[in-house]
$ cat run14.cif   # mmCIF, C-alpha atoms and all ligand atoms
data_structure
#
loop_
_atom_site.label_atom_id
_atom_site.label_comp_id
_atom_site.auth_asym_id
_atom_site.auth_seq_id
_atom_site.Cartn_x
_atom_site.Cartn_y
_atom_site.Cartn_z
CA MET P 1456 -11.20 -68.49 -19.55
CA ASN P 1457 -9.92 -67.11 -16.25
CA TYR P 1458 -6.29 -66.11 -15.95
CA ILE P 1459 -4.43 -65.25 -12.77
CA VAL P 1460 -1.56 -62.95 -13.67
CA THR P 1461 0.74 -62.38 -10.70
CA GLY P 1462 3.02 -59.33 -10.67
CA GLY P 1463 0.69 -57.59 -13.13
CA ALA P 1464 1.38 -54.16 -11.62
CA GLY P 1465 5.05 -54.43 -12.60
CA PHE P 1466 6.79 -53.78 -15.91
CA ILE P 1467 6.27 -56.92 -17.98
CA GLY P 1468 3.19 -58.14 -16.10
CA SER P 1469 1.28 -54.93 -16.83
CA ASN P 1470 2.21 -55.07 -20.51
CA PHE P 1471 0.98 -58.68 -20.51
CA VAL P 1472 -2.34 -57.67 -18.91
CA PHE P 1473 -2.84 -55.05 -21.67
CA HIS P 1474 -1.85 -57.57 -24.33
CA MET P 1475 -4.29 -60.21 -23.06
CA LEU P 1476 -7.27 -57.86 -22.71
CA LYS P 1477 -6.65 -56.62 -26.25
CA GLU P 1478 -5.90 -59.93 -27.97
CA HIS P 1479 -8.34 -62.16 -26.04
CA PRO P 1480 -11.58 -60.20 -25.51
CA ASP P 1481 -13.18 -63.25 -23.81
CA ALA P 1482 -10.40 -63.61 -21.26
CA ARG P 1483 -10.98 -62.60 -17.65
CA ILE P 1484 -7.74 -61.37 -16.08
CA ILE P 1485 -7.26 -61.44 -12.32
CA CYS P 1486 -4.13 -59.53 -11.44
CA VAL P 1487 -2.59 -60.55 -8.10
CA ASP P 1488 0.13 -58.20 -6.92
CA LYS P 1489 1.60 -57.29 -3.54
CA LEU P 1490 2.41 -53.76 -4.75
CA THR P 1491 6.01 -53.72 -3.58
CA TYR P 1492 8.14 -50.69 -4.47
CA ALA P 1493 8.15 -52.06 -8.06
CA GLY P 1494 4.38 -52.45 -8.37
CA ASN P 1495 2.39 -49.44 -9.41
CA LEU P 1496 -1.39 -49.33 -9.44
CA SER P 1497 -1.40 -46.21 -11.62
CA THR P 1498 0.04 -48.38 -14.42
CA LEU P 1499 -3.21 -50.38 -14.44
CA LYS P 1500 -5.48 -47.32 -14.49
CA PRO P 1501 -6.45 -47.82 -18.17
CA VAL P 1502 -7.97 -51.25 -17.41
CA MET P 1503 -9.32 -50.81 -13.88
CA ASP P 1504 -12.89 -50.29 -15.13
CA ASN P 1505 -12.72 -53.09 -17.67
CA PRO P 1506 -15.36 -55.70 -16.63
CA ASN P 1507 -12.94 -58.46 -17.68
CA PHE P 1508 -10.30 -57.23 -15.23
CA ARG P 1509 -9.96 -57.55 -11.46
CA PHE P 1510 -7.09 -56.36 -9.29
CA ILE P 1511 -6.36 -58.10 -5.97
CA ARG P 1512 -3.62 -56.94 -3.66
CA ALA P 1513 -1.99 -60.06 -2.24
CA ASP P 1514 1.40 -61.61 -1.56
CA ILE P 1515 2.08 -64.79 -3.55
CA CYS P 1516 3.70 -66.23 -0.40
CA ASP P 1517 0.43 -65.83 1.56
CA ARG P 1518 -1.06 -69.30 1.20
CA ASP P 1519 -4.45 -68.46 2.75
CA ALA P 1520 -4.92 -65.41 0.53
CA ILE P 1521 -3.88 -67.32 -2.60
CA TYR P 1522 -6.15 -70.29 -1.87
CA LYS P 1523 -9.06 -67.92 -1.27
CA ILE P 1524 -8.45 -66.29 -4.66
CA PHE P 1525 -8.41 -69.70 -6.35
CA GLU P 1526 -11.68 -70.64 -4.62
CA GLU P 1527 -13.32 -67.41 -5.77
CA GLU P 1528 -11.95 -67.19 -9.29
CA LYS P 1529 -11.37 -70.82 -10.34
CA PRO P 1530 -8.55 -69.89 -12.73
CA ASP P 1531 -7.87 -71.94 -15.86
CA TYR P 1532 -4.39 -70.48 -16.29
CA VAL P 1533 -1.79 -68.96 -13.99
CA VAL P 1534 1.04 -66.83 -15.34
CA ASN P 1535 3.56 -66.04 -12.63
CA PHE P 1536 5.44 -62.79 -13.20
CA ALA P 1537 5.60 -61.81 -9.51
CA ALA P 1538 9.20 -61.57 -8.39
CA GLU P 1539 11.87 -59.42 -6.93
CA SER P 1540 13.61 -58.63 -10.19
CA HIS P 1541 16.58 -56.29 -9.70
CA VAL P 1542 20.05 -57.87 -9.52
CA ASP P 1543 21.62 -54.94 -7.61
CA ARG P 1544 18.96 -55.16 -4.89
CA SER P 1545 19.55 -58.93 -4.60
CA ILE P 1546 23.23 -58.25 -3.93
CA GLU P 1547 22.25 -55.87 -1.10
CA ASN P 1548 19.50 -58.01 0.40
CA PRO P 1549 19.05 -61.59 -0.87
CA GLY P 1550 16.42 -62.70 1.70
CA VAL P 1551 13.32 -61.22 0.09
CA PHE P 1552 14.40 -62.71 -3.27
CA LEU P 1553 14.43 -66.20 -1.79
CA GLN P 1554 11.06 -65.61 -0.17
CA THR P 1555 9.11 -64.25 -3.14
CA ASN P 1556 10.91 -65.95 -6.01
CA ILE P 1557 11.14 -69.44 -4.49
CA ILE P 1558 8.52 -69.76 -1.72
CA GLY P 1559 6.04 -67.63 -3.66
CA THR P 1560 6.42 -69.85 -6.74
CA ALA P 1561 5.89 -72.99 -4.65
CA THR P 1562 2.80 -71.46 -3.02
CA MET P 1563 1.27 -70.63 -6.39
CA MET P 1564 1.93 -74.15 -7.66
CA ASP P 1565 0.49 -75.72 -4.49
CA ALA P 1566 -2.71 -73.79 -5.17
CA CYS P 1567 -2.68 -75.08 -8.76
CA ARG P 1568 -2.30 -78.65 -7.51
CA LYS P 1569 -5.06 -78.26 -4.94
CA TYR P 1570 -7.64 -76.63 -7.20
CA GLY P 1571 -6.57 -77.93 -10.63
CA ILE P 1572 -5.32 -75.91 -13.58
CA LYS P 1573 -4.97 -76.13 -17.36
CA ARG P 1574 -1.50 -74.58 -17.33
CA TYR P 1575 0.88 -72.97 -14.83
CA HIS P 1576 3.40 -70.74 -16.62
CA GLN P 1577 6.59 -69.57 -14.92
CA VAL P 1578 8.15 -66.38 -16.27
CA SER P 1579 11.86 -67.02 -15.87
CA THR P 1580 15.02 -65.41 -17.17
CA ASP P 1581 18.10 -66.08 -19.29
CA GLU P 1582 20.14 -65.18 -16.19
CA VAL P 1583 19.68 -68.75 -14.93
CA TYR P 1584 22.30 -69.80 -17.52
CA GLY P 1585 24.96 -67.50 -16.05
CA ASP P 1586 27.02 -65.66 -18.62
CA LEU P 1587 28.97 -66.20 -21.84
CA PRO P 1588 32.48 -64.92 -22.58
CA LEU P 1589 32.81 -61.79 -24.72
CA ASP P 1590 35.36 -63.44 -27.02
CA ARG P 1591 33.06 -66.31 -28.07
CA PRO P 1592 30.31 -64.65 -30.16
CA ASP P 1593 29.50 -68.11 -31.57
CA LEU P 1594 28.05 -69.26 -28.21
CA PHE P 1595 24.36 -68.86 -27.26
CA PHE P 1596 22.07 -70.05 -24.47
CA THR P 1597 19.91 -72.96 -25.57
CA GLU P 1598 17.35 -74.73 -23.39
CA GLU P 1599 20.02 -77.40 -22.78
CA THR P 1600 22.64 -74.95 -21.47
CA PRO P 1601 23.40 -75.93 -17.84
CA ILE P 1602 22.02 -73.75 -15.05
CA HIS P 1603 24.97 -71.78 -13.68
CA THR P 1604 23.92 -68.70 -11.75
CA SER P 1605 25.88 -65.65 -10.63
CA SER P 1606 23.69 -63.48 -8.37
CA PRO P 1607 21.23 -64.13 -5.55
CA TYR P 1608 18.52 -62.98 -8.00
CA SER P 1609 19.43 -65.46 -10.73
CA SER P 1610 19.93 -68.22 -8.15
CA SER P 1611 16.44 -67.63 -6.76
CA LYS P 1612 14.94 -67.71 -10.27
CA ALA P 1613 16.86 -70.91 -11.09
CA SER P 1614 15.63 -72.49 -7.85
CA ALA P 1615 12.08 -71.63 -8.83
CA ASP P 1616 12.60 -73.19 -12.28
CA LEU P 1617 13.84 -76.41 -10.68
CA LEU P 1618 10.76 -76.50 -8.44
CA VAL P 1619 8.46 -75.93 -11.42
CA LEU P 1620 10.01 -78.86 -13.30
CA ALA P 1621 9.88 -80.99 -10.15
CA TYR P 1622 6.16 -80.26 -9.67
CA HIS P 1623 5.64 -81.37 -13.27
CA ARG P 1624 7.54 -84.63 -12.85
CA THR P 1625 6.36 -85.47 -9.33
CA TYR P 1626 2.74 -84.30 -9.39
CA GLY P 1627 2.10 -84.10 -13.14
CA LEU P 1628 1.34 -80.37 -12.88
CA PRO P 1629 0.92 -78.96 -16.42
CA VAL P 1630 3.69 -76.37 -16.49
CA THR P 1631 5.74 -74.36 -18.96
CA ILE P 1632 8.71 -72.05 -18.40
CA SER P 1633 9.92 -69.16 -20.53
CA ARG P 1634 13.47 -67.82 -20.15
CA CYS P 1635 13.67 -64.41 -21.73
CA SER P 1636 16.49 -61.95 -22.26
CA ASN P 1637 16.44 -58.28 -21.16
CA ASN P 1638 13.17 -56.50 -21.89
CA TYR P 1639 12.68 -52.78 -22.52
CA GLY P 1640 9.65 -50.60 -23.23
CA PRO P 1641 6.88 -48.66 -21.43
CA TYR P 1642 6.46 -48.90 -17.63
CA HIS P 1643 10.02 -50.16 -17.06
CA PHE P 1644 10.94 -49.26 -13.48
CA PRO P 1645 13.58 -46.50 -13.43
CA GLU P 1646 16.14 -48.51 -11.45
CA LYS P 1647 16.93 -50.54 -14.59
CA LEU P 1648 19.53 -49.51 -17.17
CA ILE P 1649 17.44 -48.04 -20.00
CA PRO P 1650 14.86 -46.00 -18.04
CA LEU P 1651 17.49 -44.91 -15.52
CA MET P 1652 19.69 -43.54 -18.29
CA ILE P 1653 16.78 -41.82 -20.06
CA ILE P 1654 15.60 -40.10 -16.88
CA ASN P 1655 19.11 -39.13 -15.70
CA ALA P 1656 19.95 -37.76 -19.16
CA LEU P 1657 16.73 -35.70 -19.19
CA HIS P 1658 17.89 -34.16 -15.90
CA ASP P 1659 21.48 -33.67 -17.17
CA GLU P 1660 22.68 -35.95 -14.38
CA PRO P 1661 25.63 -38.40 -14.55
CA LEU P 1662 24.97 -41.64 -16.43
CA PRO P 1663 26.51 -44.33 -14.19
CA VAL P 1664 27.93 -47.10 -16.39
CA TYR P 1665 29.20 -50.07 -14.38
CA GLY P 1666 32.86 -50.95 -15.03
CA ASP P 1667 34.06 -50.76 -18.65
CA GLY P 1668 30.50 -50.78 -20.04
CA LEU P 1669 31.38 -53.62 -22.42
CA ASN P 1670 28.89 -56.08 -20.88
CA VAL P 1671 26.45 -57.36 -23.46
CA ARG P 1672 22.71 -57.82 -23.02
CA ASP P 1673 20.27 -59.24 -25.60
CA TRP P 1674 17.39 -56.70 -25.69
CA LEU P 1675 13.79 -57.52 -26.58
CA TYR P 1676 10.84 -55.13 -26.82
CA VAL P 1677 8.39 -56.03 -24.04
CA GLU P 1678 5.41 -56.59 -26.37
CA ASP P 1679 7.41 -59.29 -28.22
CA HIS P 1680 7.95 -61.05 -24.89
CA CYS P 1681 4.22 -60.83 -24.09
CA ARG P 1682 3.35 -62.42 -27.46
CA ALA P 1683 5.81 -65.22 -26.77
CA ILE P 1684 4.26 -65.96 -23.36
CA ASP P 1685 0.76 -65.91 -24.85
CA LEU P 1686 1.87 -68.53 -27.41
CA ILE P 1687 3.64 -70.72 -24.86
CA VAL P 1688 0.73 -70.63 -22.39
CA HIS P 1689 -1.76 -71.74 -25.05
CA ARG P 1690 0.33 -73.88 -27.42
CA GLY P 1691 3.53 -74.81 -25.59
CA ARG P 1692 4.13 -78.39 -24.54
CA ASP P 1693 3.74 -79.44 -20.90
CA GLY P 1694 6.98 -79.62 -18.95
CA GLU P 1695 8.95 -77.68 -21.57
CA VAL P 1696 11.27 -74.70 -21.30
CA TYR P 1697 11.28 -72.07 -24.08
CA ASN P 1698 14.05 -69.51 -24.50
CA VAL P 1699 12.84 -66.10 -25.73
CA GLY P 1700 15.14 -63.56 -27.37
CA GLY P 1701 15.60 -61.72 -30.62
CA HIS P 1702 19.34 -61.86 -31.42
CA ASN P 1703 19.79 -58.25 -30.46
CA GLU P 1704 23.03 -58.09 -28.52
CA MET P 1705 24.22 -54.67 -27.48
CA LYS P 1706 27.04 -53.38 -25.27
CA ASN P 1707 25.79 -51.28 -22.35
CA ILE P 1708 27.98 -48.35 -23.35
CA ASP P 1709 26.51 -48.31 -26.87
CA ILE P 1710 22.98 -48.20 -25.49
CA VAL P 1711 23.83 -45.27 -23.23
CA LYS P 1712 25.47 -43.41 -26.14
CA MET P 1713 22.40 -44.08 -28.29
CA ILE P 1714 20.14 -42.60 -25.57
CA CYS P 1715 22.39 -39.50 -25.34
CA LYS P 1716 22.21 -39.06 -29.11
CA GLU P 1717 18.45 -39.50 -29.25
CA LEU P 1718 17.92 -36.95 -26.46
CA GLY P 1719 20.55 -34.51 -27.77
CA LYS P 1720 22.62 -34.85 -24.58
CA PRO P 1721 26.44 -34.85 -24.41
CA GLU P 1722 28.32 -38.13 -23.90
CA SER P 1723 30.33 -36.29 -21.24
CA LEU P 1724 27.44 -37.19 -18.88
CA ILE P 1725 28.64 -40.81 -19.03
CA THR P 1726 30.48 -41.75 -15.84
CA HIS P 1727 32.15 -45.14 -15.40
CA VAL P 1728 31.57 -46.29 -11.82
CA THR P 1729 32.49 -49.30 -9.65
CA ASP P 1730 31.37 -52.51 -11.31
CA ARG P 1731 28.46 -54.67 -10.10
CA LYS P 1732 29.74 -57.58 -7.96
CA GLY P 1733 29.80 -60.82 -9.97
CA HIS P 1734 28.69 -58.87 -13.07
CA ASP P 1735 27.64 -61.22 -15.90
CA ARG P 1736 29.56 -60.44 -19.08
CA ARG P 1737 27.29 -61.49 -21.91
CA TYR P 1738 23.79 -62.89 -22.39
CA ALA P 1739 22.68 -64.23 -25.77
CA ILE P 1740 19.62 -66.34 -26.45
CA ASP P 1741 19.16 -68.96 -29.13
CA PRO P 1742 15.39 -68.76 -29.84
CA THR P 1743 15.32 -71.63 -32.37
CA LYS P 1744 12.95 -73.80 -30.31
CA ILE P 1745 10.18 -71.23 -29.86
CA HIS P 1746 10.52 -70.23 -33.51
CA ASN P 1747 10.34 -73.80 -34.82
CA GLU P 1748 7.60 -75.04 -32.47
CA LEU P 1749 5.40 -71.97 -32.09
CA GLY P 1750 6.35 -69.75 -35.03
CA TRP P 1751 7.39 -66.88 -32.74
CA LEU P 1752 9.64 -64.14 -34.06
CA PRO P 1753 10.29 -60.69 -32.62
CA GLU P 1754 8.50 -57.89 -34.46
CA THR P 1755 10.12 -54.73 -33.10
CA LYS P 1756 13.64 -53.83 -34.19
CA PHE P 1757 15.80 -52.27 -31.49
CA ALA P 1758 16.30 -49.05 -33.47
CA ASP P 1759 12.51 -48.54 -33.52
CA GLY P 1760 11.82 -49.92 -30.04
CA ILE P 1761 14.32 -47.65 -28.31
CA LYS P 1762 12.88 -44.58 -30.09
CA LYS P 1763 9.33 -45.61 -29.07
CA THR P 1764 10.53 -46.19 -25.50
CA ILE P 1765 12.28 -42.81 -25.22
CA ARG P 1766 9.17 -41.15 -26.67
CA TRP P 1767 7.04 -42.95 -24.07
CA TYR P 1768 9.19 -41.64 -21.19
CA LEU P 1769 9.04 -38.12 -22.65
CA ASP P 1770 5.24 -38.32 -22.90
CA ASN P 1771 4.63 -40.02 -19.55
CA GLU P 1772 6.50 -37.98 -17.00
CA ASP P 1773 3.40 -38.14 -14.79
CA TRP P 1774 4.03 -41.90 -14.50
CA TRP P 1775 7.71 -41.80 -13.53
CA GLN P 1776 7.97 -38.47 -11.72
CA PRO P 1777 6.18 -39.71 -8.56
CA ILE P 1778 8.31 -42.88 -8.62
CA ILE P 1779 11.65 -41.07 -8.65
CA SER P 1780 10.80 -38.90 -5.68
CA GLY P 1781 10.74 -40.13 -2.07
CA GLU P 1782 11.90 -43.70 -1.50
CA TYR P 1783 13.66 -43.90 -4.86
CA GLN P 1784 15.96 -41.04 -3.86
CA ASP P 1785 17.09 -43.01 -0.77
CA TYR P 1786 17.64 -46.08 -2.96
CA TYR P 1787 19.63 -44.05 -5.48
CA GLU P 1788 21.84 -42.52 -2.81
CA LYS P 1789 22.47 -45.92 -1.21
CA MET P 1790 23.29 -47.71 -4.48
CA TYR P 1791 25.13 -44.98 -6.36
CA GLY P 1792 26.43 -42.65 -3.63
CA SER P 1793 29.10 -45.18 -2.68
CA ARG P 1794 30.08 -46.17 -6.23
CA GLU P 1795 33.38 -44.52 -7.09
CA GLU P 1796 34.13 -43.07 -10.48
CA VAL P 1797 36.59 -45.39 -12.26
P1 LIG X 1801 9.09 -55.79 -11.83
O1 LIG X 1801 10.05 -55.71 -10.70
O2 LIG X 1801 8.88 -54.59 -12.70
O3 LIG X 1801 7.66 -56.22 -11.29
C1 LIG X 1801 7.49 -57.22 -10.34
C2 LIG X 1801 6.04 -57.17 -9.85
O4 LIG X 1801 5.86 -58.24 -8.91
C3 LIG X 1801 5.68 -55.88 -9.11
O5 LIG X 1801 4.42 -55.41 -9.52
C4 LIG X 1801 5.65 -56.30 -7.64
O6 LIG X 1801 4.75 -55.53 -6.85
C5 LIG X 1801 5.18 -57.74 -7.76
N1 LIG X 1801 5.60 -58.56 -6.60
C6 LIG X 1801 6.82 -58.63 -6.02
N2 LIG X 1801 6.79 -59.45 -4.98
C7 LIG X 1801 5.53 -59.95 -4.90
C8 LIG X 1801 4.88 -60.87 -4.03
N3 LIG X 1801 5.53 -61.46 -3.01
N4 LIG X 1801 3.59 -61.14 -4.25
C9 LIG X 1801 2.89 -60.56 -5.26
N5 LIG X 1801 3.45 -59.66 -6.09
C10 LIG X 1801 4.75 -59.36 -5.92
O7 LIG X 1801 9.57 -57.05 -12.68
P2 LIG X 1801 9.58 -57.27 -14.26
O8 LIG X 1801 10.81 -56.68 -14.82
O9 LIG X 1801 8.26 -56.90 -14.80
O10 LIG X 1801 9.76 -58.85 -14.31
C11 LIG X 1801 8.62 -59.70 -14.25
C12 LIG X 1801 9.09 -61.14 -14.31
O11 LIG X 1801 9.83 -61.37 -15.51
C13 LIG X 1801 10.03 -61.54 -13.17
O12 LIG X 1801 9.69 -62.83 -12.77
C14 LIG X 1801 11.40 -61.50 -13.79
O13 LIG X 1801 12.27 -62.40 -13.15
C15 LIG X 1801 11.11 -61.91 -15.21
N6 LIG X 1801 12.00 -61.39 -16.26
C16 LIG X 1801 12.27 -60.05 -16.35
C17 LIG X 1801 13.05 -59.58 -17.41
C18 LIG X 1801 13.34 -58.11 -17.57
O14 LIG X 1801 14.13 -57.74 -18.43
N7 LIG X 1801 12.74 -57.22 -16.78
C19 LIG X 1801 13.55 -60.47 -18.35
C20 LIG X 1801 13.27 -61.85 -18.22
C21 LIG X 1801 12.48 -62.28 -17.18
O1 LIG X 1802 18.36 -60.89 -18.66
C1 LIG X 1802 17.12 -60.78 -18.05
C2 LIG X 1802 17.24 -59.93 -16.81
O2 LIG X 1802 17.42 -58.59 -17.25
C3 LIG X 1802 16.03 -60.04 -15.89
O3 LIG X 1802 15.96 -61.35 -15.40
C4 LIG X 1802 16.14 -59.04 -14.74
O4 LIG X 1802 14.96 -59.08 -13.96
C5 LIG X 1802 16.31 -57.65 -15.32
O5 LIG X 1802 16.47 -56.71 -14.28
C6 LIG X 1802 17.52 -57.62 -16.24
O6 LIG X 1802 18.75 -57.82 -15.49
P1 LIG X 1802 20.08 -56.97 -15.80
O7 LIG X 1802 20.93 -57.00 -14.60
O8 LIG X 1802 20.67 -57.38 -17.10
O9 LIG X 1802 19.39 -55.50 -16.04
P2 LIG X 1802 19.82 -54.04 -15.54
O10 LIG X 1802 18.93 -53.08 -16.25
O11 LIG X 1802 19.91 -53.96 -14.06
O12 LIG X 1802 21.29 -53.90 -16.12
C7 LIG X 1802 21.56 -54.03 -17.50
C8 LIG X 1802 23.06 -53.88 -17.68
O13 LIG X 1802 23.42 -52.50 -17.41
C9 LIG X 1802 23.92 -54.71 -16.75
O14 LIG X 1802 25.08 -55.14 -17.43
C10 LIG X 1802 24.30 -53.75 -15.63
C11 LIG X 1802 24.38 -52.41 -16.35
N1 LIG X 1802 24.02 -51.22 -15.55
C12 LIG X 1802 22.84 -51.23 -14.87
C13 LIG X 1802 22.46 -50.14 -14.10
C14 LIG X 1802 21.16 -50.15 -13.33
C15 LIG X 1802 24.85 -50.12 -15.52
O15 LIG X 1802 25.92 -50.10 -16.17
N2 LIG X 1802 24.47 -49.04 -14.78
C16 LIG X 1802 23.32 -49.00 -14.05
O16 LIG X 1802 23.05 -47.98 -13.37
#
$ encode --input "run14.cif" --output "C-alpha cells"
Amino acid sequence: MNYIVTGGAGFIGSNFVFHMLKEHPDARIICVDKLTYAGNLSTLKPVMDNPNFRFIRADICDRDAIYKIFEEEKPDYVVNFAAESHVDRSIENPGVFLQTNIIGTATMMDACRKYGIKRYHQVSTDEVYGDLPLDRPDLFFTEETPIHTSSPYSSSKASADLLVLAYHRTYGLPVTISRCSNNYGPYHFPEKLIPLMIINALHDEPLPVYGDGLNVRDWLYVEDHCRAIDLIVHRGRDGEVYNVGGHNEMKNIDIVKMICKELGKPESLITHVTDRKGHDRRYAIDPTKIHNELGWLPETKFADGIKKTIRWYLDNEDWWQPIISGEYQDYYEKMYGSREEV
C-alpha cells in the first residue's frame, strides 16, 4: 500500500512516519512537506535510506505539484498532517493559516477525487470545539460538541474539517477526521509549551507562563496519537469524526513546575507574562467513541511520558540547538520581548 503523509517533517507527522515504517513493513510512505520553519529534514534522517520511504519537498497548495505526485505514486491512502500549527503565530499572521490549512486541504482532496483513493484522513484538533469553563470539570468534548473556535488557527482547522465532511457528502470521498488533544514527545518544535520550557530551563532562562497559568490542556504522548490515526485510517468508518485524548488534564503552571523539578531548576525561573489573546481556558476530550469502536486506549502515562520527553531533549541537543539559533531568536524576541511580566 502507498501512503502519502503530508507534513511528515513536522512533530506528529514524523512520529507517524516512524510508526508506520515500523508497524507496517509492507507500507510505502511518501512524505510530502514544504519544509516551512516547522519542518526539519534532519528529523527524517533515520529513514531517508529506507527503500520504503520517499521524501518530496512540495507545498500542499501547489495543485500541479500535488497532481504530479499522485500520478507518480498512485497513493492508496492520504494522511494530511501538513498545517500551520501554532496558535500564537496565527494571532500575529492569520493569512498563511488560511492558505495552508484550508486551501491546502481542499487541494489534497481534489487530488484524491481526481485520482481515486481508499481513504483520505484529516488530522484535526480538539481546538475546533473552542474551550470549556474551568468550573465545570464534568464537561468534555464529544464528537457532537458544536464547532466554536477562538483563534485564527482553530478557525482554519474547523474550516478544513467542514470541507472534508462536505467532500464526503457531495462527492462521496472516503474520509475520516481525528480531533486530538495536545501532543507531547520527541521532535516537538521548541515554540510550543513543553519543549520551550525544557530548553529555557536548561539555559536558566525565564519560563514565560501566559496569564495565571491555570489554563488546562489534555496531554497525550505523540505515539498514542499515531496509533489512534493508524487505527482510524484502516478501520474507521467513512465520513466519521473520532476524538482522541487520554483524560490527562493538567494546568500549565503544574506542567512547568514539574519540568523545573525534573531538571533540578528553581521555580523562581517561572515568570507570568501577558496572556495570549482569546486564550482558551480548558480542553478535555471524551474518547469513548474511538475506544468503543476501535479499541484504542492511551498506553503512556503522563508521569512516564514527560520523563521520556525530557530525557529525549537532554540526549538530542544536536536536533534542537540549530533550531533555536538564527530565525528562532527573532521569533522569540518578537513574541516574548513585548510580553510584560504580570
Ligand atoms: P508542526 O508545525 O510541527 O508540523 C507541520 C508540518 O507541516 C511541518 O513539517 C511543515 O513544514 C509542514 N507544512 C506546513 N505548511 C505546509 C504546506 N503548505 N505544504 C506542505 N507542508 C507544509 O505541526 P504538528 O504539531 O506536528 O501538527 C501536525 C498536525 O496535527 C496539524 O494539522 C495540527 O493541526 C494537528 N494537531 C496538532 C496537535 C499538537 O498538539 N501538536 C494536536 C492535535 C492536532
Ligand atoms: O489542543 C491541540 C492543539 O495543541 C493543537 O491543535 C495545536 O497545533 C498545538 O500547538 C497545541 O495548541 P496549544 O495552544 O494548546 O499549545 P501551546 O504549546 O502553544 O500552548 C499550551 C498552553 O501553554 C496554552 O494554554 C498556552 C500556554 N503557553 C504556551 C507558550 C508557548 C504559555 O503559558 N507560555 C508559552 O510560552
$ residues_around --input "run14.cif" --residues "segment 1507-1521 of chain P" --least-positions-apart "5" --cutoff "8 Å" --atoms "all atoms listed in the file" --output "MDAnalysis selection string"
chainID P and resid 1461 1476 1481:1490 1502 1537 1554:1555 1558:1560 1562:1563 1566
$ residues_near_point --input "run14.cif" --point "(13.7, -53.9, -28.6)" --cutoff "10 Å" --atoms "only C-alpha atoms" --output "ChimeraX atom specification"
/P:1637-1640,1673-1680,1700-1701,1703,1753-1764
$ residues_near_ligand --input "run14.cif" --ligand "ligand LIG 1802 (chain X)" --cutoff "6 Å" --atoms "all atoms listed in the file" --output "list in words"
Ser1540, His1541, Val1542, Thr1580, Asp1581, Glu1582, Ser1636, Asn1637, Glu1646, Lys1647, Leu1648, Pro1663, Val1664, Tyr1665, Asn1670 and Asn1707 of chain P
$ residues_near_point --input "run14.cif" --point "(-2.4, -50.5, -19.0)" --cutoff "7 Å" --atoms "all atoms listed in the file" --output "MDAnalysis selection string"
chainID P and resid 1469:1470 1473 1498:1502
$ write_last_selection --input "run14.cif" --atoms "C-alpha atoms" --output "PDB file, keeping the file's coordinate frame"
ATOM      1  CA  SER P1469       1.280 -54.930 -16.830  1.00  0.00           C
ATOM      2  CA  ASN P1470       2.210 -55.070 -20.510  1.00  0.00           C
ATOM      3  CA  PHE P1473      -2.840 -55.050 -21.670  1.00  0.00           C
ATOM      4  CA  THR P1498       0.040 -48.380 -14.420  1.00  0.00           C
ATOM      5  CA  LEU P1499      -3.210 -50.380 -14.440  1.00  0.00           C
ATOM      6  CA  LYS P1500      -5.480 -47.320 -14.490  1.00  0.00           C
ATOM      7  CA  PRO P1501      -6.450 -47.820 -18.170  1.00  0.00           C
ATOM      8  CA  VAL P1502      -7.970 -51.250 -17.410  1.00  0.00           C
TER       9      VAL P1502
END
$ closest_residue --input "run14.cif" --among "P:Cys1635, P:Leu1496, P:Leu1620, P:Leu1587" --to "ligand LIG 1801 (chain X)" --atoms "all atoms listed in the file"
P:Cys1635
$ atom_distance --input "run14.cif" --atom1 "atom CA of Gly1463 of chain P" --atom2 "atom CA of Asn1495 of chain P"
9.1 Å
$ closest_residue --input "run14.cif" --among "P:Tyr1697, P:Trp1767, P:Tyr1532, P:Tyr1570" --to "ligand LIG 1801 (chain X)" --atoms "all atoms listed in the file"
P:Tyr1697
$ closest_residue --input "run14.cif" --among "P:Glu1478, P:Glu1722, P:Asp1616, P:Glu1599" --to "ligand LIG 1801 (chain X)" --atoms "all atoms listed in the file"
P:Asp1616
$ atom_distance --input "run14.cif" --atom1 "atom CA of Gly1733 of chain P" --atom2 "atom CA of Ile1546 of chain P"
9.3 Å
$ closest_residue --input "run14.cif" --among "P:Asp1693, P:Asp1531, P:Glu1717, P:Glu1539" --to "ligand LIG 1801 (chain X)" --atoms "all atoms listed in the file"
P:Glu1539
$ atom_distance --input "run14.cif" --atom1 "atom CA of Arg1634 of chain P" --atom2 "atom CA of Arg1544 of chain P"
20.6 Å
$ axis_aligned_box --input "run14.cif" --around "ligand LIG 1801 (chain X)" --padding-each-side "4 Å" --output "AutoDock Vina command-line options"
--center_x 8.5 --center_y -58.7 --center_z -10.7 --size_x 19.2 --size_y 16.2 --size_z 23.4
$ closest_residue --input "run14.cif" --among "P:Asn1698, P:Ser1606, P:Thr1625, P:Ser1793" --to "His1746 of chain P" --atoms "only C-alpha atoms"
P:Asn1698
$ closest_residue --input "run14.cif" --among "P:Val1578, P:Leu1718, P:Leu1594, P:Ala1613" --to "Ser1633 of chain P" --atoms "all atoms listed in the file"
P:Val1578
$ residues_around --input "run14.cif" --residues "Pro1721 of chain P" --least-positions-apart "5" --cutoff "12 Å" --atoms "only C-alpha atoms" --output "number ranges by chain"
P: 1656-1657, 1659-1662, 1711-1716, 1726
$ residues_around --input "run14.cif" --residues "Trp1775 of chain P" --least-positions-apart "3" --cutoff "9 Å" --atoms "all atoms listed in the file" --output "mmCIF file with C-alpha atoms, in the frame of the given file"
data_model
loop_
_atom_site.group_PDB
_atom_site.id
_atom_site.type_symbol
_atom_site.label_atom_id
_atom_site.label_comp_id
_atom_site.auth_asym_id
_atom_site.auth_seq_id
_atom_site.Cartn_x
_atom_site.Cartn_y
_atom_site.Cartn_z
ATOM 1 C CA TYR P 1642 6.460 -48.900 -17.630
ATOM 2 C CA PHE P 1644 10.940 -49.260 -13.480
ATOM 3 C CA PRO P 1645 13.580 -46.500 -13.430
ATOM 4 C CA ILE P 1654 15.600 -40.100 -16.880
ATOM 5 C CA TYR P 1768 9.190 -41.640 -21.190
ATOM 6 C CA ASN P 1771 4.630 -40.020 -19.550
ATOM 7 C CA GLU P 1772 6.500 -37.980 -17.000
ATOM 8 C CA ILE P 1778 8.310 -42.880 -8.620
ATOM 9 C CA ILE P 1779 11.650 -41.070 -8.650
ATOM 10 C CA SER P 1780 10.800 -38.900 -5.680
#
